[in-house]
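A quick write-up on the structure given underneath.
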Amino acid sequence: MTIFGTLAAKPWLESGSGEFPPSGRLRIPTGRLGLIFFLIVISVLFVLLGTAYVMRMGFGDWVPLDEPPVLWLNTLALVLSSAAFQGAWIGVRRNRPAGATAGLYAGGLFAALFLAGQLVAWRQLDGLGYYVASNPANTFFYLLSALHGLHLLGGMAAWGRAAARLRHAGSAAELRPAVELCALYWHFLLVVWLALFGLLLADNGGADAVLQPLPHGMH
Amino acid sequence: MTVAIVFALLVVGSVVFSLVSPWWFTPLASNWGTIDTTLIITFMITGVVFCALVLFMAYSMFRFRHREGIRAGYEPESGKLELWLTGLTSVGIAAMLAPGLVVWKDYVTVPPDAATVEVMGQQWGWAFRFPGADGVLGAVDPMRIDADNPFGLNPDDPHGGDDVLVEGGEVRLPVGKPVKLLLRSVDVLHDFYVPQFRAKMDLVPGMVTYFWFTPTVTGNFEILCAELCGVGHSAMRGTVVVVEPDAHQPWLDEYPTFAQAVRDTALAEAVRQGNSMNQ
Amino acid sequence: MAQTAIPTGTYDDTDHDEDLGDGHHEPRSFITKYIWSQDHKVIAIQYSITAMAVGLIALVLSWLMRMQIGFPGSLPFIDPERYLQFVTMHGMIMVVYLLTALFLGGFGNYLIPLMIGARDMVFPYVNMLSYWVYLLAVLVLVASFFVPGGPTGAGWTLYPPQAILPGTAGRDWGIILMLVSLIIFVVAFTMGGLNYVTTILQARTRGMTMMRLPLTVWGIFVATILGLLAFPALFVSGLMMLLDRVLLTSFFMPTITSLGERLSYGGGSPLLFQHLFWFFGHPEVYIVALPGFGIVSDLISTHARKNIFGYRMMVWALLAIGVLSFVVWAHHMYVSGMNPYFGFFFATTTLIIAVPTALKVYNWVLTLWQADIHFTVPMLFSLAFILTFVSGGMSGLFLGNVVVDVPLSDTYFVVAHFHMVMGVAPVLVIFGAIYHWFPKVTGRMLNDALGKFHFWVTFLGTYAIFFPMHYLGFVGIPRRYHDFEGIAFIPDSARELNAFITVAALVVGAAQLVFLFNMAWSGFRGRPAGSNPWNATTLEWQTPETPPGHGNWGPRQPVVYRWAYDYSVPDAEQDFLPQNYPRPAGDGLNPEAPPEQGGLLR
Ligand code: HEM
Ligand SMILES: [Cu+2]
Ligand SMILES: [Cu+2]
């Protein structure tokens, strides 16, 4: 039944046993549904920041910053991290504990590398004189990468819990929900990072902002 | 029971209040009678709907109050009724929106013969700039704003030297002539608001906003600030004096041009150079 | 109301709420039971008490402001700076920390699991954290009264550049604490909100299809989705402004000469903030309105002993309003200096949203037709809500119709409008809801005579405050003004009217103390309520214990056989059939549930 079908139901005619749903819930694990809603919230957050980024770019004082090359390495680390989590997921699904363990550890390791790399990037930028407040391009870079990093850090906490449980877990299946959620979250943060990185690289154009002053400009 | 009667009385009271209360529009002094008209159309439609709905409620509450032995009806929905209500509501909405949009078109379309005057707001007072003999306002740059150059005029722009600067919070406008106000702010948001003109608009630092009107009545009108701008917000006053057209230029001549105003400062030299380049 | 023999419903043999995670063991110590509790009912009460406590601060602030407006200078400590601080804190507390928290954290938490037949929220631990984080946000907010310079006086809209520049009260610390508090609040809300939507989708008991949900749950559901999508905008704008204030970045700050001094800012746009703020701010209006819409539908239906008229239309209208509320935000910015051509678009969308809203009103009113209306205190508040909401909705059509907004914006007409529609109307629903559900929460009825007194003073008093205020707006009197000294166009009679309004405000405020007394007294001494004093159909009234125990349902969860509005069903013996009351005999009392059919979403 589609959503529209559901919404068209006439509940007052239904008081009976015939069309009796076994239970109201969706066919999706509750934890995953909760995570999906959370990912939607984070998406809104980053989409709004992205919109603000594009608008702010158009105000005329934007000096694009030179993305430090280490960002490419960081990106690679995050891709590997995500891939490792995928491996762990496959591991638990096929009930291969060794694979799951390796994937989980590797995923965490690469994520930590990514975070360390981001710090390096910050230090390099700071060393080159790209201070937070000296240009909006810099501010946005620091803000976006910090927010993304914080989300990853939060993910690391969940990862830590899963990894700790790994030692006591009897079977890989027991870990399955935690690993699934971590993997999903990691893929999502990878996509967010790729989008942000793309935005950072593409900031030389200067989009025409919706918020530009009225046609009159300054006299 | 009581509540049904009170509802009905509230409707009657509200209507009577609207008819007899001394609080109503401050008399209009601009061309924007159309705004008042749109407002009154909205007022009539919404007023009738409000009264009808509440009276219907009061009647239902009275008629269907609980009595022993009587049961409520059972009617889950009526598609036809709801369709009708949707339709009627949409018609009412359209009847308000259409005139509103027509008048808004006028509001955003400045007549070509409108005179240009700049309004400059800062915490917490008003200043004005007229384009001067050449009819063009000189270029400005907020980076140049300081005590010597409160408008931030660019001395290199030849149009700026003859701009007339009116500080002190009072401005005079000729009656019957459309005027386009260009609005700028030195510091925070403000809003140029003269109740009798109806029109208003925010002043936003970093950009130039505008609106236009035609003063239709001579006399003194207070300028208030209608956008919170700090502790002095309610004290940020000024005056528009609407005068006969031939009284306007003599008044303007009393004020210095930019070139005159900066005579004694280092800026002066720059202004002279800018002007000579023009000749 | 006479206690009639209650048809008993059926309960499920098996506990099919297998998703309830850890933490679902009966709490033992006092601490885990009442303080560090993961029980949705305890969390709801914690949320409600905290929200009402800060609400009291906001109420006292409104008295102080009204004293200054009605009797200027009578309280000499209210200088312009303080006045604006009061305005700001009053507005922000009322909108965010009282109404949002009370409707969703309070009513949402209490009612969702009970009304859908669940044992608790699906993430009880996160739910508990949500409250404690909310409390932290409140404490940070309240702390701003005690820092040097006091709380921010930037208006609840916090528009930059003003909010973070000298010349505005509290720009040193107050604004920082305000922004930090809001950011924390968003985190708290998100934790709660994820719970509410997931719980509603996943934890419904057997038989509770989406279209059998009471409208209260629908209202909270849609409002929470709006919140989850809108609060990030507040988060982002608050964070960016915080950076502008603390690190001197220039998101919202153009080149500025502030009180004679050139600042280091440059290039930013104050309008960017306004767009972000209202992208949150408008849906926020509906975040406090929609739960009220839902609750009032259920109260009217119950106390009028009649099904809500047009249930499906009510659900569709909620959804339509929810969607549309994201495309109307710039109606708050008609005179902000944004491109004026936006006015055409936003005026149109704004007036379109009036259609589903009007339909909801019609359906409430039509529910009264041929009803059997019991004028209980919850019903009185519900009826008063409709009147107040209609009034506020009508004035909204003025302000939405772009050109009519021009003379009225930033006048007392706006103050009157939003108080009617998002101040008084939701508060009336809250009162009605408290009178309605207090018996379930405490097992005791609130005192009726005190309740009627509270009702009449609050309803007539608030109408007396805010109805005449529209006319001050027609005169053109601007809002957020400390005094109107020397403004010639304001007639003296307006000053008298302001004095009258102030007196009314003080009376209304005092009546709230009666209400607080009633709650405190009845909580211990009130008449025992029994499990279903209003003869209501929805599941929260069918719990085996009142107040409901831990896990809500004893050994077996209820099974749902019908929608939430089977009042006065023809031929039925009672004038109400609880949702878990099986189909009349002959059809088999225990319908066998076909396995795993039905759909993605029922
Ligand atoms: C009897 C109760 C109330 C009274 C007497 C009252 C009074 C006031 C007053 C005097 C102002 C300042 C007006 C100005 O100077 O511009 C104000 C502003 C405000 N009030 Fe209330 N109020 C009450 C209840 C509420 C409620 C329940 C809400 C919940 C939404 C609310 C929300 C606001 C908001 C958002 C503002 C605007 C703040 C600002 O301009 O920044 N008020 N109120
Ligand atoms: Cu102001
Ligand atoms: Cu809005």
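Residues in the structure tokens are numbered from 1 in each chain, the chains being A, B, ... in the order shown, and ligands are numbered from 1 in the order shown.
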Within 7 Å of ligand 2 (counting only C-alpha atoms and all ligand atoms), which residues show up? I'd like them as a PyMOL selection string. chain B and resi 190-191+225-230+233-234+236
Inset, instruction - Write out as a PyMOL selection string the residues lying within 6 Å of Val231 in chain B, counting only C-alpha atoms and excluding same-chain residues fewer than 3 positions away. - result: chain C and resi 80-81+168
task: Find the spatial neighbours of Ala127 in chain B, counting only C-alpha atoms, within a cut-off of 8 Å - ignore same-chain residues fewer than 5 positions away - and output them as a PyMOL selection string.
output: chain B and resi 119-121+165-170
Considering only helix (DSSP H, G or I) as DSSP defines it on the backbone, what residues of range 508-553 of chain C qualify? List them as an NGL selection string. :C and (508-525 or 539-542)
Q) Using only C-alpha atoms, which residues sit within 8 Å of Ile300 in chain C once same-chain residues fewer than 3 positions away are excluded, as a VMD selection string? A) chain C and resid 296 to 297 303 to 304 308 364 367 to 368 379 382 to 383
